[in-house]
Each structure stands twice: as C-alpha cells, then as structure tokens.
Amino acid sequence: MPKLPTYFISHGGGPWPWLPNMRQMLASLETSLARMPSEIGTTPKAILMISGHWEEDDFAVMSSPSPGMLYDYGGFPHETYQIIYPAPGAPDLAQRTADLIRAAGLPTHLDPKRGFDHGTFAPAYVMYPNAEIPIYQVSLQHSYDPAAHIALGRAIAPLRDEGVLIIGSGLSYHNLLLFGPGAKAPSTAFDTWLSDTMALPEASRTKALLDWDKAPSARICHPQEDHLVPLFAALGAAENETATMVYHDKNVFGGVTASSYRIG
C-alpha cells in the first residue's frame, strides 16, 4: 500500500449531514469530504481521527473493537441523538499507536470505553457512508501545546506506511460566540495567514505554526484552540511534505471563511 497523505479537515457543526438546512449550507464541505476517497486512491486499512472534541491529560487512544456513540452537541432534533455510525474500531492498531506514542517519550494510555464524537462520525459518514472502514481516535492533550501535538504527529507518522489514514478533525475558525457578518473580517484574515503559512517551505511552516497565536485575529478566531490543534498533529505526521488546500468556503455560518488541507 502506498504511503497515505494526512488531512486537516474543517468538520462542520454538530450532526450537520443529517440536517437538510445545515447540509445545504455546508455543501462545499460535503463535496470536499466525499471526494477524499478518490483523492487517496486506495482504501485505507483504518482511519485515525484526532478530533477537537476529545481531550485528556495525555494522548489517549481509543481501543474498543466496537466504539459507541457520543452525542456531544446540544439543541438539535431528537432524531440526531439516535444516529448510529457503526464503523468497527481497531484495537490492534490502537495498541500499535500507543506503542509509537510511548516510544517517542509522550504519555498515553488505551481507552476501551471511548465512543465516536461528532468530530469523527459526522465527517466519516460523508467520506465513507457504509461505515466499512475501521476507525479509532487519539485524544488531544489539555495543554494544547503546539510542539507536543506536532511531536504526536511525528510519533505516529509510520502508520501512514501501514495503511492508516491520519485525519486531524477540527475547524479553521471556531468562535461559537461570533458567527454571521461579524466573523467575516477576522476569519478572512486568519484564513489568509493560514493559507500562506501552509504554503511555506517545511521548516518555516512548522516554525510559523508554533507561533500561530501571533497570526492576524488568531485569538478572535480561536479563543480556545481545541479545533486548531488537530492541524498540528496532521502536520507533524507529514512534516516534510507539501500541503494542498482541498476545501475553502467564504460564507459558512453566515460569514465565516473556513478551509481544509491535505498534506502529502
């Protein structure tokens, strides 16, 4: 199997693929996610998601053979709390992943109880609606330290040669208190910086992302960077490879500019 790319995806909001109005608003995102299997050109052995919706003290690894569902959103219709995305887990790969993380000197543990959060099951449903590919997750660390999450990516990079598709799942803009027209200027400024930074030569790109909070409107777009940190892990796993923008929308949620990237 060829070495797989990594991705940082903007995963949308809540259970959006099951809500017609949100799905229409996020049509460009849906197109980009649905296109990923053909972009990859092969069927992954498994998908490793690093979601902005799971944080621990260390880099925990989901190890259940049959992960359940976490409906970690509120205020949506009753039926969205009945969604089942029945992809199998990947306990053997979870152990392999934990071993790689530990060998890199990073803290980790296996979590046999964790289920799929919406940062995983919503985009996965669009990418692979039949839920036939095993999926497991690795948590963020509470610290959000960019260097630690880049180190995580470096540690798990060998999985790319073993058929595992590594996806950082977040949002390039995540300020839940600022949507609509007021989000247009800051999200555009930050997204432009991010696009320019992702196009830099590899060493310069890593250095710039370590200082992401100095970017234009950085703390307006990410008051808490849980949805940006998955990018650092995806980058670390493909640090010396070219990044390509695979999704770009200038009017999400009434004014937000958002993007996704493939690396490698």
# chains A, B, ... in the order shown; residues from 1 in each chain; ligands from 1

call {"tool": "residues_around", "arguments": {"residues": "segment 166-169 of chain A", "least_positions_apart": "6", "cutoff": "10 Å", "atoms": "only C-alpha atoms", "output": "ChimeraX atom specification"}}
result
/A:4-12,44,46-53,118-120,123,137-138,153,156-157,159-160,227-235,237-238,260-262

call {"tool": "residues_around", "arguments": {"residues": "Glu162 of chain A", "least_positions_apart": "4", "cutoff": "9 Å", "atoms": "only C-alpha atoms", "output": "list in words"}}
result
Met1, Pro2, Lys3, Leu4, Pro44, Lys45 and Pro158 of chain A

call {"tool": "residues_around", "arguments": {"residues": "Leu29 of chain A", "least_positions_apart": "4", "cutoff": "12 Å", "atoms": "only C-alpha atoms", "output": "PyMOL selection string"}}
result
chain A and resi 9-13+16-17+22-25+33-36+122-123+126-127+171+246-252+257-261

call {"tool": "write_last_selection", "arguments": {"atoms": "N, CA, C and O atoms", "output": "compact mmCIF listing (two decimals), in the first residue's frame"}}
result
# COMPACT_ATOMS: atom_id res chain seq x y z
N ILE A 9 -9.12 18.64 8.46
CA ILE A 9 -10.43 18.98 7.90
C ILE A 9 -11.20 19.89 8.85
O ILE A 9 -11.11 19.78 10.07
N SER A 10 -11.94 20.81 8.26
CA SER A 10 -12.96 21.54 8.99
C SER A 10 -14.21 20.66 8.97
O SER A 10 -14.74 20.35 7.91
N HIS A 11 -14.65 20.24 10.15
CA HIS A 11 -15.65 19.15 10.17
C HIS A 11 -17.10 19.62 10.25
O HIS A 11 -18.01 18.79 10.38
N GLY A 12 -17.35 20.93 10.16
CA GLY A 12 -18.73 21.39 10.18
C GLY A 12 -19.25 21.56 11.60
O GLY A 12 -18.47 21.66 12.55
N GLY A 13 -20.56 21.54 11.77
CA GLY A 13 -21.15 21.77 13.08
C GLY A 13 -22.12 20.69 13.47
O GLY A 13 -23.05 20.38 12.72
N TRP A 16 -24.48 17.80 11.26
CA TRP A 16 -24.95 18.51 10.07
C TRP A 16 -25.31 17.61 8.89
O TRP A 16 -26.23 17.96 8.14
N PRO A 17 -24.64 16.47 8.64
CA PRO A 17 -25.05 15.69 7.46
C PRO A 17 -26.47 15.14 7.54
O PRO A 17 -27.03 14.75 6.52
N MET A 22 -28.57 22.53 7.29
CA MET A 22 -27.12 22.63 7.52
C MET A 22 -26.35 21.96 6.39
O MET A 22 -25.30 22.44 5.97
N ARG A 23 -26.89 20.86 5.89
CA ARG A 23 -26.20 20.16 4.81
C ARG A 23 -26.14 21.03 3.56
O ARG A 23 -25.12 21.06 2.86
N GLN A 24 -27.21 21.78 3.30
CA GLN A 24 -27.20 22.69 2.15
C GLN A 24 -26.18 23.80 2.36
O GLN A 24 -25.44 24.15 1.44
N MET A 25 -26.11 24.35 3.57
CA MET A 25 -25.16 25.42 3.86
C MET A 25 -23.72 24.92 3.73
O MET A 25 -22.83 25.66 3.31
N LEU A 33 -15.30 16.43 1.40
CA LEU A 33 -15.18 15.20 2.16
C LEU A 33 -15.51 13.98 1.32
O LEU A 33 -14.83 12.95 1.39
N ALA A 34 -16.56 14.09 0.51
CA ALA A 34 -16.95 12.97 -0.35
C ALA A 34 -15.90 12.66 -1.40
O ALA A 34 -15.81 11.53 -1.89
N ARG A 35 -15.09 13.66 -1.74
CA ARG A 35 -14.04 13.49 -2.75
C ARG A 35 -12.78 12.82 -2.19
O ARG A 35 -11.94 12.32 -2.94
N MET A 36 -12.64 12.78 -0.89
CA MET A 36 -11.41 12.28 -0.29
C MET A 36 -11.07 10.84 -0.66
O MET A 36 -9.91 10.53 -0.97
N ALA A 122 -19.45 12.53 12.07
CA ALA A 122 -20.11 13.36 11.04
C ALA A 122 -19.30 13.39 9.74
O ALA A 122 -19.83 13.07 8.67
N PRO A 123 -18.01 13.75 9.77
CA PRO A 123 -17.25 13.72 8.51
C PRO A 123 -17.05 12.31 7.97
O PRO A 123 -17.06 12.10 6.75
N VAL A 126 -19.85 11.18 5.73
CA VAL A 126 -19.82 11.73 4.38
C VAL A 126 -18.73 11.05 3.55
O VAL A 126 -18.94 10.73 2.37
N MET A 127 -17.59 10.78 4.15
CA MET A 127 -16.48 10.16 3.43
C MET A 127 -16.77 8.71 3.08
O MET A 127 -16.57 8.28 1.94
N LEU A 171 -11.75 22.74 13.04
CA LEU A 171 -12.28 23.82 12.21
C LEU A 171 -11.22 24.90 12.14
O LEU A 171 -10.61 25.23 13.16
N VAL A 246 -7.86 21.80 0.14
CA VAL A 246 -8.84 20.92 -0.51
C VAL A 246 -10.28 21.37 -0.26
O VAL A 246 -11.21 20.78 -0.80
N TYR A 247 -10.44 22.39 0.57
CA TYR A 247 -11.77 22.94 0.83
C TYR A 247 -11.58 24.40 1.23
O TYR A 247 -10.68 24.74 1.99
N HIS A 248 -12.45 25.25 0.68
CA HIS A 248 -12.40 26.67 1.03
C HIS A 248 -13.79 27.25 0.81
O HIS A 248 -14.38 27.09 -0.26
N ASP A 249 -14.30 27.90 1.84
CA ASP A 249 -15.63 28.49 1.76
C ASP A 249 -15.57 29.85 2.45
O ASP A 249 -15.02 29.97 3.55
N LYS A 250 -16.15 30.87 1.81
CA LYS A 250 -16.07 32.23 2.35
C LYS A 250 -17.35 32.67 3.06
O LYS A 250 -17.43 33.81 3.50
N ASN A 251 -18.32 31.77 3.18
CA ASN A 251 -19.59 32.22 3.78
C ASN A 251 -20.27 31.12 4.58
O ASN A 251 -21.47 30.88 4.44
N VAL A 252 -19.49 30.44 5.43
CA VAL A 252 -20.07 29.42 6.29
C VAL A 252 -20.69 30.10 7.51
O VAL A 252 -20.15 31.10 8.01
N THR A 257 -15.06 32.35 6.95
CA THR A 257 -14.19 31.72 5.97
C THR A 257 -13.52 30.52 6.64
O THR A 257 -12.96 30.64 7.72
N ALA A 258 -13.57 29.36 5.97
CA ALA A 258 -13.01 28.13 6.53
C ALA A 258 -12.33 27.33 5.43
O ALA A 258 -12.68 27.43 4.25
N SER A 259 -11.35 26.53 5.83
CA SER A 259 -10.55 25.75 4.87
C SER A 259 -10.17 24.39 5.46
O SER A 259 -10.22 24.18 6.67
N SER A 260 -9.77 23.49 4.57
CA SER A 260 -9.21 22.19 4.92
C SER A 260 -7.97 21.96 4.06
O SER A 260 -7.85 22.52 2.96
N TYR A 261 -7.08 21.06 4.55
CA TYR A 261 -5.81 20.83 3.85
C TYR A 261 -5.49 19.33 3.80
O TYR A 261 -5.74 18.59 4.75

call {"tool": "select_by_dssp", "arguments": {"residues": "segment 34-192 of chain A", "states": "helix (DSSP H, G or I)", "output": "MDAnalysis selection string"}}
result
chainID A and resid 34:40 78:81 91:103 118:127 146:162 180:192

call {"tool": "atom_distance", "arguments": {"atom1": "atom CA of Asn240 of chain A", "atom2": "atom CA of Arg219 of chain A"}}
result
27.4 Å

call {"tool": "select_by_dssp", "arguments": {"residues": "segment 20-261 of chain A", "states": "strand (DSSP E)", "output": "VMD selection string"}}
result
chain A and resid 46 to 51 55 to 56 59 to 62 108 to 111 135 to 137 140 to 141 164 to 170 243 to 252 256 to 261

call {"tool": "residues_around", "arguments": {"residues": "Glu55 of chain A", "least_positions_apart": "6", "cutoff": "6 Å", "atoms": "only C-alpha atoms", "output": "JSON, numbers by chain"}}
result
{"A": [139, 140, 141, 142]}

call {"tool": "residues_around", "arguments": {"residues": "segment 192-201 of chain A", "least_positions_apart": "6", "cutoff": "7 Å", "atoms": "only C-alpha atoms", "output": "list in words"}}
result
Ala208, Ala215 and Ala243 of chain A

call {"tool": "write_last_selection", "arguments": {"atoms": "N, CA, C and O atoms", "output": "PDB file, in the first residue's frame"}}
result
ATOM      1  N   ALA A 208       6.283  28.776  11.934  1.00  0.00           N
ATOM      2  CA  ALA A 208       5.172  29.734  11.942  1.00  0.00           C
ATOM      3  C   ALA A 208       3.978  29.184  12.700  1.00  0.00           C
ATOM      4  O   ALA A 208       3.310  29.910  13.452  1.00  0.00           O
ATOM      5  N   ALA A 215      -0.722  35.244  14.757  1.00  0.00           N
ATOM      6  CA  ALA A 215      -1.317  35.495  13.444  1.00  0.00           C
ATOM      7  C   ALA A 215      -2.442  36.530  13.559  1.00  0.00           C
ATOM      8  O   ALA A 215      -3.008  36.733  14.638  1.00  0.00           O
ATOM      9  N   ALA A 243       1.585  20.846   1.395  1.00  0.00           N
ATOM     10  CA  ALA A 243       0.172  20.968   1.780  1.00  0.00           C
ATOM     11  C   ALA A 243      -0.631  21.547   0.625  1.00  0.00           C
ATOM     12  O   ALA A 243      -0.173  22.451  -0.080  1.00  0.00           O
TER      13      ALA A 243
END

call {"tool": "atom_distance", "arguments": {"atom1": "atom CA of Ile101 of chain A", "atom2": "atom CA of Lys113 of chain A"}}
result
19.6 Å

call {"tool": "atom_distance", "arguments": {"atom1": "atom CA of Ser217 of chain A", "atom2": "atom CA of His174 of chain A"}}
result
11.9 Å

call {"tool": "residues_around", "arguments": {"residues": "Phe179 of chain A", "least_positions_apart": "6", "cutoff": "12 Å", "atoms": "only C-alpha atoms", "output": "list in words"}}
result
Tyr173, Ala185, Pro186, Ser187, Ile220, Cys221, Asn251, Val252, Phe253, Gly254, Gly255, Val256 and Thr257 of chain A

call {"tool": "decode", "arguments": {"residues": "segment 140-155 of chain A", "atoms": "all heavy atoms", "output": "PDB file, in the first residue's frame"}}
result
ATOM      1  N   LEU A 140      -6.573  14.815  22.022  1.00  0.00           N
ATOM      2  CA  LEU A 140      -5.686  15.942  22.247  1.00  0.00           C
ATOM      3  C   LEU A 140      -5.224  15.906  23.704  1.00  0.00           C
ATOM      4  O   LEU A 140      -5.831  15.251  24.549  1.00  0.00           O
ATOM      5  CB  LEU A 140      -6.417  17.266  22.010  1.00  0.00           C
ATOM      6  CG  LEU A 140      -7.129  17.465  20.672  1.00  0.00           C
ATOM      7  CD1 LEU A 140      -7.821  18.829  20.663  1.00  0.00           C
ATOM      8  CD2 LEU A 140      -6.164  17.347  19.517  1.00  0.00           C
ATOM      9  N   GLN A 141      -4.166  16.668  23.990  1.00  0.00           N
ATOM     10  CA  GLN A 141      -3.791  16.936  25.372  1.00  0.00           C
ATOM     11  C   GLN A 141      -4.416  18.257  25.801  1.00  0.00           C
ATOM     12  O   GLN A 141      -4.472  19.215  25.017  1.00  0.00           O
ATOM     13  CB  GLN A 141      -2.267  17.036  25.515  1.00  0.00           C
ATOM     14  CG  GLN A 141      -1.613  15.756  25.999  1.00  0.00           C
ATOM     15  CD  GLN A 141      -0.165  15.980  26.375  1.00  0.00           C
ATOM     16  OE1 GLN A 141       0.597  16.557  25.613  1.00  0.00           O
ATOM     17  NE2 GLN A 141       0.220  15.504  27.545  1.00  0.00           N
ATOM     18  N   HIS A 142      -4.848  18.328  27.045  1.00  0.00           N
ATOM     19  CA  HIS A 142      -5.483  19.541  27.560  1.00  0.00           C
ATOM     20  C   HIS A 142      -4.629  20.792  27.350  1.00  0.00           C
ATOM     21  O   HIS A 142      -5.166  21.888  27.194  1.00  0.00           O
ATOM     22  CB  HIS A 142      -5.769  19.402  29.059  1.00  0.00           C
ATOM     23  CG  HIS A 142      -6.880  18.470  29.394  1.00  0.00           C
ATOM     24  ND1 HIS A 142      -8.130  18.543  28.824  1.00  0.00           N
ATOM     25  CD2 HIS A 142      -6.936  17.423  30.266  1.00  0.00           C
ATOM     26  CE1 HIS A 142      -8.910  17.604  29.327  1.00  0.00           C
ATOM     27  NE2 HIS A 142      -8.215  16.910  30.198  1.00  0.00           N
ATOM     28  N   SER A 143      -3.320  20.625  27.359  1.00  0.00           N
ATOM     29  CA  SER A 143      -2.426  21.786  27.273  1.00  0.00           C
ATOM     30  C   SER A 143      -2.528  22.526  25.948  1.00  0.00           C
ATOM     31  O   SER A 143      -2.209  23.710  25.873  1.00  0.00           O
ATOM     32  CB  SER A 143      -0.982  21.339  27.461  1.00  0.00           C
ATOM     33  OG  SER A 143      -0.544  20.567  26.343  1.00  0.00           O
ATOM     34  N   TYR A 144      -2.947  21.822  24.882  1.00  0.00           N
ATOM     35  CA  TYR A 144      -2.995  22.370  23.522  1.00  0.00           C
ATOM     36  C   TYR A 144      -1.613  22.790  23.012  1.00  0.00           C
ATOM     37  O   TYR A 144      -1.522  23.521  22.015  1.00  0.00           O
ATOM     38  CB  TYR A 144      -3.927  23.588  23.414  1.00  0.00           C
ATOM     39  CG  TYR A 144      -5.355  23.357  23.785  1.00  0.00           C
ATOM     40  CD1 TYR A 144      -6.077  24.354  24.438  1.00  0.00           C
ATOM     41  CD2 TYR A 144      -6.003  22.165  23.485  1.00  0.00           C
ATOM     42  CE1 TYR A 144      -7.411  24.162  24.777  1.00  0.00           C
ATOM     43  CE2 TYR A 144      -7.333  21.968  23.830  1.00  0.00           C
ATOM     44  CZ  TYR A 144      -8.035  22.966  24.470  1.00  0.00           C
ATOM     45  OH  TYR A 144      -9.355  22.778  24.804  1.00  0.00           O
ATOM     46  N   ASP A 145      -0.555  22.359  23.654  1.00  0.00           N
ATOM     47  CA  ASP A 145       0.799  22.773  23.276  1.00  0.00           C
ATOM     48  C   ASP A 145       1.082  22.393  21.824  1.00  0.00           C
ATOM     49  O   ASP A 145       1.063  21.206  21.479  1.00  0.00           O
ATOM     50  CB  ASP A 145       1.809  22.096  24.198  1.00  0.00           C
ATOM     51  CG  ASP A 145       3.247  22.436  23.854  1.00  0.00           C
ATOM     52  OD1 ASP A 145       3.490  23.504  23.275  1.00  0.00           O
ATOM     53  OD2 ASP A 145       4.126  21.612  24.145  1.00  0.00           O
ATOM     54  N   PRO A 146       1.335  23.385  20.941  1.00  0.00           N
ATOM     55  CA  PRO A 146       1.583  23.050  19.536  1.00  0.00           C
ATOM     56  C   PRO A 146       2.745  22.081  19.354  1.00  0.00           C
ATOM     57  O   PRO A 146       2.653  21.138  18.561  1.00  0.00           O
ATOM     58  CB  PRO A 146       1.881  24.407  18.891  1.00  0.00           C
ATOM     59  CG  PRO A 146       1.212  25.405  19.764  1.00  0.00           C
ATOM     60  CD  PRO A 146       1.327  24.851  21.148  1.00  0.00           C
ATOM     61  N   ALA A 147       3.850  22.297  20.072  1.00  0.00           N
ATOM     62  CA  ALA A 147       5.023  21.437  19.903  1.00  0.00           C
ATOM     63  C   ALA A 147       4.717  19.997  20.300  1.00  0.00           C
ATOM     64  O   ALA A 147       5.164  19.045  19.632  1.00  0.00           O
ATOM     65  CB  ALA A 147       6.189  21.982  20.728  1.00  0.00           C
ATOM     66  N   ALA A 148       3.949  19.807  21.376  1.00  0.00           N
ATOM     67  CA  ALA A 148       3.608  18.454  21.806  1.00  0.00           C
ATOM     68  C   ALA A 148       2.741  17.749  20.779  1.00  0.00           C
ATOM     69  O   ALA A 148       2.893  16.541  20.536  1.00  0.00           O
ATOM     70  CB  ALA A 148       2.896  18.499  23.158  1.00  0.00           C
ATOM     71  N   HIS A 149       1.842  18.483  20.139  1.00  0.00           N
ATOM     72  CA  HIS A 149       0.952  17.857  19.158  1.00  0.00           C
ATOM     73  C   HIS A 149       1.669  17.616  17.825  1.00  0.00           C
ATOM     74  O   HIS A 149       1.359  16.642  17.121  1.00  0.00           O
ATOM     75  CB  HIS A 149      -0.319  18.684  19.003  1.00  0.00           C
ATOM     76  CG  HIS A 149      -1.202  18.588  20.204  1.00  0.00           C
ATOM     77  ND1 HIS A 149      -1.013  19.371  21.323  1.00  0.00           N
ATOM     78  CD2 HIS A 149      -2.249  17.767  20.495  1.00  0.00           C
ATOM     79  CE1 HIS A 149      -1.914  19.045  22.242  1.00  0.00           C
ATOM     80  NE2 HIS A 149      -2.683  18.083  21.758  1.00  0.00           N
ATOM     81  N   ILE A 150       2.611  18.460  17.493  1.00  0.00           N
ATOM     82  CA  ILE A 150       3.465  18.157  16.335  1.00  0.00           C
ATOM     83  C   ILE A 150       4.293  16.913  16.632  1.00  0.00           C
ATOM     84  O   ILE A 150       4.453  16.029  15.772  1.00  0.00           O
ATOM     85  CB  ILE A 150       4.347  19.363  15.979  1.00  0.00           C
ATOM     86  CG1 ILE A 150       3.481  20.484  15.386  1.00  0.00           C
ATOM     87  CG2 ILE A 150       5.446  18.970  14.988  1.00  0.00           C
ATOM     88  CD1 ILE A 150       4.217  21.785  15.145  1.00  0.00           C
ATOM     89  N   ALA A 151       4.794  16.801  17.867  1.00  0.00           N
ATOM     90  CA  ALA A 151       5.545  15.603  18.262  1.00  0.00           C
ATOM     91  C   ALA A 151       4.665  14.358  18.195  1.00  0.00           C
ATOM     92  O   ALA A 151       5.135  13.274  17.801  1.00  0.00           O
ATOM     93  CB  ALA A 151       6.110  15.784  19.665  1.00  0.00           C
ATOM     94  N   LEU A 152       3.399  14.487  18.574  1.00  0.00           N
ATOM     95  CA  LEU A 152       2.465  13.365  18.416  1.00  0.00           C
ATOM     96  C   LEU A 152       2.400  12.930  16.961  1.00  0.00           C
ATOM     97  O   LEU A 152       2.472  11.735  16.647  1.00  0.00           O
ATOM     98  CB  LEU A 152       1.079  13.772  18.912  1.00  0.00           C
ATOM     99  CG  LEU A 152      -0.062  12.815  18.547  1.00  0.00           C
ATOM    100  CD1 LEU A 152       0.090  11.479  19.265  1.00  0.00           C
ATOM    101  CD2 LEU A 152      -1.425  13.438  18.849  1.00  0.00           C
ATOM    102  N   GLY A 153       2.241  13.909  16.063  1.00  0.00           N
ATOM    103  CA  GLY A 153       2.182  13.578  14.644  1.00  0.00           C
ATOM    104  C   GLY A 153       3.440  12.875  14.162  1.00  0.00           C
ATOM    105  O   GLY A 153       3.364  11.884  13.422  1.00  0.00           O
ATOM    106  N   ARG A 154       4.597  13.357  14.587  1.00  0.00           N
ATOM    107  CA  ARG A 154       5.854  12.714  14.209  1.00  0.00           C
ATOM    108  C   ARG A 154       5.891  11.268  14.705  1.00  0.00           C
ATOM    109  O   ARG A 154       6.358  10.366  14.002  1.00  0.00           O
ATOM    110  CB  ARG A 154       7.034  13.492  14.769  1.00  0.00           C
ATOM    111  CG  ARG A 154       7.247  14.865  14.142  1.00  0.00           C
ATOM    112  CD  ARG A 154       8.261  15.660  14.942  1.00  0.00           C
ATOM    113  NE  ARG A 154       8.498  16.994  14.391  1.00  0.00           N
ATOM    114  CZ  ARG A 154       8.948  18.027  15.105  1.00  0.00           C
ATOM    115  NH1 ARG A 154       9.203  17.876  16.410  1.00  0.00           N
ATOM    116  NH2 ARG A 154       9.143  19.208  14.530  1.00  0.00           N
ATOM    117  N   ALA A 155       5.390  11.064  15.922  1.00  0.00           N
ATOM    118  CA  ALA A 155       5.429   9.726  16.512  1.00  0.00           C
ATOM    119  C   ALA A 155       4.584   8.727  15.737  1.00  0.00           C
ATOM    120  O   ALA A 155       4.971   7.558  15.562  1.00  0.00           O
ATOM    121  CB  ALA A 155       4.966   9.801  17.966  1.00  0.00           C
TER     122      ALA A 155
END
